[in-house]
Every structure is written in C-alpha cells, then in structure tokens.
Amino acid sequence: MRIVQLSDIHLLADTEGQVRGHYPDWHAQVVLGKVPEYAPDHIVVVGDISDDGSEASYERAKRYLNGCGVPWSWLPGNHDAEPPMSTFAPMAAAVDLGPVELLQLDSHINDEGHEEGHLGEDQLQWLDERLRVTTRPVIVALHHPPLLLPSRWMNDIALEDRDSLWEILDDYPHVRGVLAGHIHYPLDEERDGVRVLTAPAVIDQFTPGSDVFEVDEQALPGFRIIDVSDATGEIEHTEVVRVSIPDRDSGDASAAVASSENEQEDAAHAIAEGDAQA
C-alpha cells in the first residue's frame, strides 16, 4: 500500500495572494497535480492546509485533493482554524488503511499567536487507549514533529509534550511510524525503532540546520511517498519527490517536472561516471 504525505500547503482566501513571495494556490495546483502519477492508495495532509484559516482556502484544498482521485485525510497545523476546517472534511482521528491504522492527532493550539504544538492529556489518553485495544500495525500522524530538531529556532515552536507522547508510543511495538510536517523540509529519523518522517512543504522550504528562520529558495516543493507492507504494516520504502514550479503566468501546471530524490541521485551518479570514463 502506498501513502503520499503532503504538508504545509498554506492556502489563502485570495488565490492571488502570496506567502513569502510564493503563490500557494499555484503551488498546490502544480504539486497535487503530480501526485496521481505516483499511484497512491491514500493521501494524508499533515497540517497547515491554510495560512489564514479561511473557508475559501479549505474549499479549494478539498477540491484539489478530490482531484487526485484517491481517498485522503487531513489534520490541523498551527495555521489552521477548526472550524471552518472540519466543516469541509472530517478530521478523522482513526483512518482504516487496510494493512495499517492511521491515528491522526491534533497538535495545534486553538489560540491565535501560538505556533508551538500541544496534544494535551485527553488526546494522549485517547491514543493510549486506542493503541492498547488494537493489535494492528499503526502509523501516527500529527503536525509538529515529536523530536528535537536540527533547526534551533524551530525548537522554540516545537511539540511541547513530545516526551509524554513517546512514553506512550514506547509501550506499543506495533507502532510503525510517525508522520509530521511543520518544518518545511524532509526528515527521516528513527527513535527506538519508530520511523519519524516529514515531507517537503507544498509551499516554500526552510533551511535545515539553521539557527534562525531562513527560507531555502533553491529547494523545490514536493511530497513524500511511503510504501507499507500489506503483510506486516512495516514501512518498506520511502522517498521524497520534488516538483518544479512552472511560471505562473503560463497557467500550464502540466509543464511541471517531478522526480524523486533517488532518481536525482542516480542521474548525478550516471553523469559523474560518464565524466570519469571520458
């Protein structure tokens, strides 16, 4: 089974609006337009669907996601507002994906001005109870990664109760992975046998490892592919897909080029080998 992980779309009510010099509506049309080429069985959007919490932004997000032609689910990030987000599609806490159960958590603080994340006792108790009663493999999803991050400024707006989350996850060996967003770049780390995966943002990318806020204007947007074993629910393979963004004035989203980072590495290796032979 294949999951596509999308993150940080940051749509605005105004389709002509910009976020840090980028057009989120155009990015969404281009990037989501490439998702069907990778034949996912399910799409999960791990938060920050909207930048301004507007009804119009969620309506368009729903339309673009429906256009991918496969089931999808979403959960809120620190920029989202619920409602109106939940009026356009349920923020299902548990999603049956066949080989695995996807447990979606809400780490956003529904209070203006808070970028950090918090799960709270009620939600953590729900997760603990859910993990206790199911023996199926589980993937957990939330917006804020439950890790100390390589970007120092990002740790100031990280998940506050991550230690409490890990106290629960560590008790259940059938947890296969944790999917998150928020940081606007891909991360693949492991803690006690549990993979923690983030995806590139659909909008702009942040610079990994920077001590201060910094946008990486060279990095392309994209998404992450996650292949899960139908037999065991294990994450067998994952890779990041980057998507070039055509000139918005052309109006031709089909001109975008998508390639996995593995493909880019293979191409670079082939070029290097050719140069060496020459």
# chains A, B, ... in the order shown; residues from 1 in each chain; ligands from 1
>>> residues_around(residues="Asp51 of chain A", least_positions_apart="4", cutoff="8 Å", atoms="only C-alpha atoms", output="list in words")
Ile9, His10, Leu11, Leu12, His79 and Asp80 of chain A
>>> write_last_selection(atoms="N, CA and C atoms", output="PDB file, in the first residue's frame")
ATOM      1  N   ILE A   9       0.586  23.427   2.982  1.00  0.00           N
ATOM      2  CA  ILE A   9       0.138  24.000   1.710  1.00  0.00           C
ATOM      3  C   ILE A   9      -0.038  25.514   1.836  1.00  0.00           C
ATOM      4  N   HIS A  10      -0.556  25.969   2.962  1.00  0.00           N
ATOM      5  CA  HIS A  10      -0.665  27.394   3.295  1.00  0.00           C
ATOM      6  C   HIS A  10      -1.517  28.196   2.301  1.00  0.00           C
ATOM      7  N   LEU A  11      -2.675  27.639   1.932  1.00  0.00           N
ATOM      8  CA  LEU A  11      -3.577  28.356   1.036  1.00  0.00           C
ATOM      9  C   LEU A  11      -4.165  29.590   1.710  1.00  0.00           C
ATOM     10  N   LEU A  12      -4.506  30.562   0.880  1.00  0.00           N
ATOM     11  CA  LEU A  12      -5.125  31.810   1.327  1.00  0.00           C
ATOM     12  C   LEU A  12      -6.518  31.937   0.721  1.00  0.00           C
ATOM     13  N   HIS A  79      -1.361  26.853  11.723  1.00  0.00           N
ATOM     14  CA  HIS A  79      -2.006  27.934  10.965  1.00  0.00           C
ATOM     15  C   HIS A  79      -3.480  27.657  10.684  1.00  0.00           C
ATOM     16  N   ASP A  80      -3.941  26.443  10.964  1.00  0.00           N
ATOM     17  CA  ASP A  80      -5.310  26.083  10.622  1.00  0.00           C
ATOM     18  C   ASP A  80      -6.308  26.555  11.674  1.00  0.00           C
TER      19      ASP A  80
END
>>> residues_around(residues="Val215 of chain A", least_positions_apart="3", cutoff="7 Å", atoms="only C-alpha atoms", output="number ranges by chain")
A: 205-207
>>> atom_distance(atom1="atom CA of Tyr23 of chain A", atom2="atom CA of Val70 of chain A")
25.0 Å
>>> residues_around(residues="segment 162-169 of chain A", least_positions_apart="6", cutoff="7 Å", atoms="only C-alpha atoms", output="PyMOL selection string")
chain A and resi 124+128+146+175
>>> write_last_selection(atoms="N, CA and C atoms", output="PDB file, in the first residue's frame")
ATOM      1  N   LEU A 124      -3.818  12.371  24.551  1.00  0.00           N
ATOM      2  CA  LEU A 124      -2.827  11.340  24.847  1.00  0.00           C
ATOM      3  C   LEU A 124      -3.484  10.108  25.463  1.00  0.00           C
ATOM      4  N   ASP A 128      -3.431   6.323  23.937  1.00  0.00           N
ATOM      5  CA  ASP A 128      -3.016   5.183  24.745  1.00  0.00           C
ATOM      6  C   ASP A 128      -4.087   4.091  24.722  1.00  0.00           C
ATOM      7  N   PRO A 146       7.640  15.110  16.862  1.00  0.00           N
ATOM      8  CA  PRO A 146       7.947  14.883  18.281  1.00  0.00           C
ATOM      9  C   PRO A 146       9.441  14.658  18.519  1.00  0.00           C
ATOM     10  N   VAL A 175       3.507   0.174  16.764  1.00  0.00           N
ATOM     11  CA  VAL A 175       3.597   1.497  16.135  1.00  0.00           C
ATOM     12  C   VAL A 175       4.734   1.452  15.120  1.00  0.00           C
TER      13      VAL A 175
END
>>> closest_residue(among="A:Glu160, A:Asp41, A:Asp249, A:Glu239", to="Glu16 of chain A", atoms="only C-alpha atoms")
A:Asp249
>>> closest_residue(among="A:His237, A:His42, A:His108, A:His22", to="Ile3 of chain A", atoms="only C-alpha atoms")
A:His42
>>> closest_residue(among="A:Asn155, A:Val46, A:Glu190, A:Pro90", to="Val140 of chain A", atoms="only C-alpha atoms")
A:Val46
>>> select_by_dssp(residues="segment 80-191 of chain A", states="helix (DSSP H, G or I)", output="PDB file with C-alpha atoms, in the first residue's frame")
ATOM      1  CA  MET A  85     -11.635  23.255   8.511  1.00  0.00           C
ATOM      2  CA  SER A  86     -13.825  20.484   9.920  1.00  0.00           C
ATOM      3  CA  THR A  87     -16.894  21.682   8.011  1.00  0.00           C
ATOM      4  CA  PHE A  88     -15.284  20.730   4.679  1.00  0.00           C
ATOM      5  CA  GLU A 121      -3.922  14.813  28.458  1.00  0.00           C
ATOM      6  CA  ASP A 122      -7.272  13.929  26.844  1.00  0.00           C
ATOM      7  CA  GLN A 123      -5.783  13.262  23.445  1.00  0.00           C
ATOM      8  CA  LEU A 124      -2.827  11.340  24.847  1.00  0.00           C
ATOM      9  CA  GLN A 125      -5.214   9.205  26.885  1.00  0.00           C
ATOM     10  CA  TRP A 126      -7.278   8.510  23.755  1.00  0.00           C
ATOM     11  CA  LEU A 127      -4.118   7.451  21.903  1.00  0.00           C
ATOM     12  CA  ASP A 128      -3.016   5.183  24.745  1.00  0.00           C
ATOM     13  CA  GLU A 129      -6.420   3.504  24.887  1.00  0.00           C
ATOM     14  CA  ARG A 130      -6.567   3.088  21.131  1.00  0.00           C
ATOM     15  CA  LEU A 131      -3.118   1.515  20.988  1.00  0.00           C
ATOM     16  CA  ARG A 132      -3.991  -0.787  23.863  1.00  0.00           C
ATOM     17  CA  VAL A 133      -7.089  -2.261  22.203  1.00  0.00           C
ATOM     18  CA  ARG A 152      17.384  25.775  16.694  1.00  0.00           C
ATOM     19  CA  TRP A 153      14.686  28.396  16.048  1.00  0.00           C
ATOM     20  CA  MET A 154      12.201  25.659  15.189  1.00  0.00           C
ATOM     21  CA  ASN A 155      12.639  24.064  18.620  1.00  0.00           C
ATOM     22  CA  ARG A 162       6.644  15.218  22.998  1.00  0.00           C
ATOM     23  CA  ASP A 163       8.129  13.306  25.946  1.00  0.00           C
ATOM     24  CA  SER A 164       4.628  12.363  27.073  1.00  0.00           C
ATOM     25  CA  LEU A 165       3.843  11.167  23.557  1.00  0.00           C
ATOM     26  CA  TRP A 166       6.949   8.965  23.466  1.00  0.00           C
ATOM     27  CA  GLU A 167       6.133   7.492  26.884  1.00  0.00           C
ATOM     28  CA  ILE A 168       3.013   6.103  25.236  1.00  0.00           C
ATOM     29  CA  LEU A 169       4.494   5.115  21.869  1.00  0.00           C
TER      30      LEU A 169
END
>>> atom_distance(atom1="atom CA of Glu214 of chain A", atom2="atom CA of Ser54 of chain A")
26.1 Å
>>> closest_residue(among="A:Val194, A:Ala81, A:Ala61, A:Leu105", to="Gly117 of chain A", atoms="only C-alpha atoms")
A:Leu105
>>> residues_around(residues="Val138 of chain A", least_positions_apart="5", cutoff="6 Å", atoms="only C-alpha atoms", output="ChimeraX atom specification")
/A:100-102,175-176
>>> write_last_selection(atoms="C-alpha atoms", output="PDB file, in the first residue's frame")
ATOM      1  CA  VAL A 100      -2.281  -0.255   8.978  1.00  0.00           C
ATOM      2  CA  GLU A 101      -4.437   2.036  11.049  1.00  0.00           C
ATOM      3  CA  LEU A 102      -3.633   5.740  10.732  1.00  0.00           C
ATOM      4  CA  VAL A 175       3.597   1.497  16.135  1.00  0.00           C
ATOM      5  CA  ARG A 176       5.378   1.521  12.785  1.00  0.00           C
TER       6      ARG A 176
END
>>> select_by_dssp(residues="segment 161-226 of chain A", states="strand (DSSP E or B)", output="list in words")
Val175, Arg176, Gly177, Val178, Leu179, Ala180, Leu187, Asp188, Glu189, Glu190, Arg191, Val194, Arg195, Val196, Leu197, Thr198, Phe206, Val215, Gly222, Phe223, Arg224, Ile225 and Ile226 of chain A
>>> write_last_selection(atoms="C-alpha atoms", output="CSV table (one decimal), in the first residue's frame")
chain,number,residue,atom,x,y,z
A,175,VAL,CA,3.6,1.5,16.1
A,176,ARG,CA,5.4,1.5,12.8
A,177,GLY,CA,6.0,5.2,12.2
A,178,VAL,CA,5.1,8.9,12.9
A,179,LEU,CA,4.3,11.3,10.1
A,180,ALA,CA,4.6,15.1,10.7
A,187,LEU,CA,13.4,14.4,7.7
A,188,ASP,CA,13.8,10.7,8.1
A,189,GLU,CA,14.9,9.7,11.6
A,190,GLU,CA,14.4,6.7,13.9
A,191,ARG,CA,13.7,6.6,17.6
A,194,VAL,CA,9.9,4.0,15.1
A,195,ARG,CA,10.5,6.0,11.9
A,196,VAL,CA,9.7,9.7,12.1
A,197,LEU,CA,9.1,11.2,8.6
A,198,THR,CA,8.4,14.7,7.5
A,206,PHE,CA,13.0,26.2,5.2
A,215,VAL,CA,13.9,30.1,3.5
A,222,GLY,CA,7.1,18.3,-3.1
A,223,PHE,CA,5.8,15.4,-1.1
A,224,ARG,CA,6.8,12.0,0.4
A,225,ILE,CA,6.0,8.5,-0.8
A,226,ILE,CA,5.6,5.8,1.8
>>> residues_around(residues="Leu65 of chain A", least_positions_apart="5", cutoff="10 Å", atoms="only C-alpha atoms", output="VMD selection string")
chain A and resid 28 to 29 32 to 33 35 43 to 45 60 70 to 73
>>> write_last_selection(atoms="N, CA and C atoms", output="compact mmCIF listing (two decimals), in the first residue's frame")
# COMPACT_ATOMS: atom_id res chain seq x y z
N ALA A 28 -0.09 24.60 -4.98
CA ALA A 28 -0.99 23.48 -4.69
C ALA A 28 -1.47 22.81 -5.97
N GLN A 29 -1.86 23.60 -6.95
CA GLN A 29 -2.32 23.02 -8.21
C GLN A 29 -1.22 22.21 -8.89
N LEU A 32 0.00 19.02 -6.30
CA LEU A 32 -1.03 17.99 -6.20
C LEU A 32 -1.36 17.40 -7.56
N GLY A 33 -1.12 18.17 -8.63
CA GLY A 33 -1.33 17.63 -9.97
C GLY A 33 -0.39 16.51 -10.32
N VAL A 35 0.73 14.26 -7.96
CA VAL A 35 0.56 13.14 -7.04
C VAL A 35 0.00 11.89 -7.72
N ILE A 43 -3.87 9.61 0.57
CA ILE A 43 -3.11 10.84 0.79
C ILE A 43 -3.42 11.34 2.18
N VAL A 44 -2.39 11.69 2.95
CA VAL A 44 -2.59 12.32 4.24
C VAL A 44 -1.88 13.67 4.23
N VAL A 45 -2.61 14.70 4.63
CA VAL A 45 -2.06 16.06 4.70
C VAL A 45 -1.83 16.38 6.18
N ARG A 60 -11.04 25.18 -1.49
CA ARG A 60 -10.16 24.87 -2.62
C ARG A 60 -9.26 23.68 -2.31
N VAL A 70 -8.12 9.75 -5.20
CA VAL A 70 -7.95 8.68 -4.22
C VAL A 70 -8.42 9.18 -2.86
N PRO A 71 -8.69 8.27 -1.92
CA PRO A 71 -9.10 8.72 -0.58
C PRO A 71 -8.01 9.58 0.08
N TRP A 72 -8.44 10.52 0.90
CA TRP A 72 -7.48 11.38 1.58
C TRP A 72 -8.01 11.76 2.96
N SER A 73 -7.10 12.18 3.81
CA SER A 73 -7.47 12.68 5.13
C SER A 73 -6.55 13.84 5.48
>>> closest_residue(among="A:Val19, A:Trp26, A:Ser7, A:Asp171", to="Arg248 of chain A", atoms="only C-alpha atoms")
A:Trp26
>>> atom_distance(atom1="atom CA of Asn78 of chain A", atom2="atom CA of Ala253 of chain A")
28.4 Å
>>> closest_residue(among="A:Asp156, A:Glu59, A:Glu217, A:Glu115", to="Asp204 of chain A", atoms="only C-alpha atoms")
A:Glu217
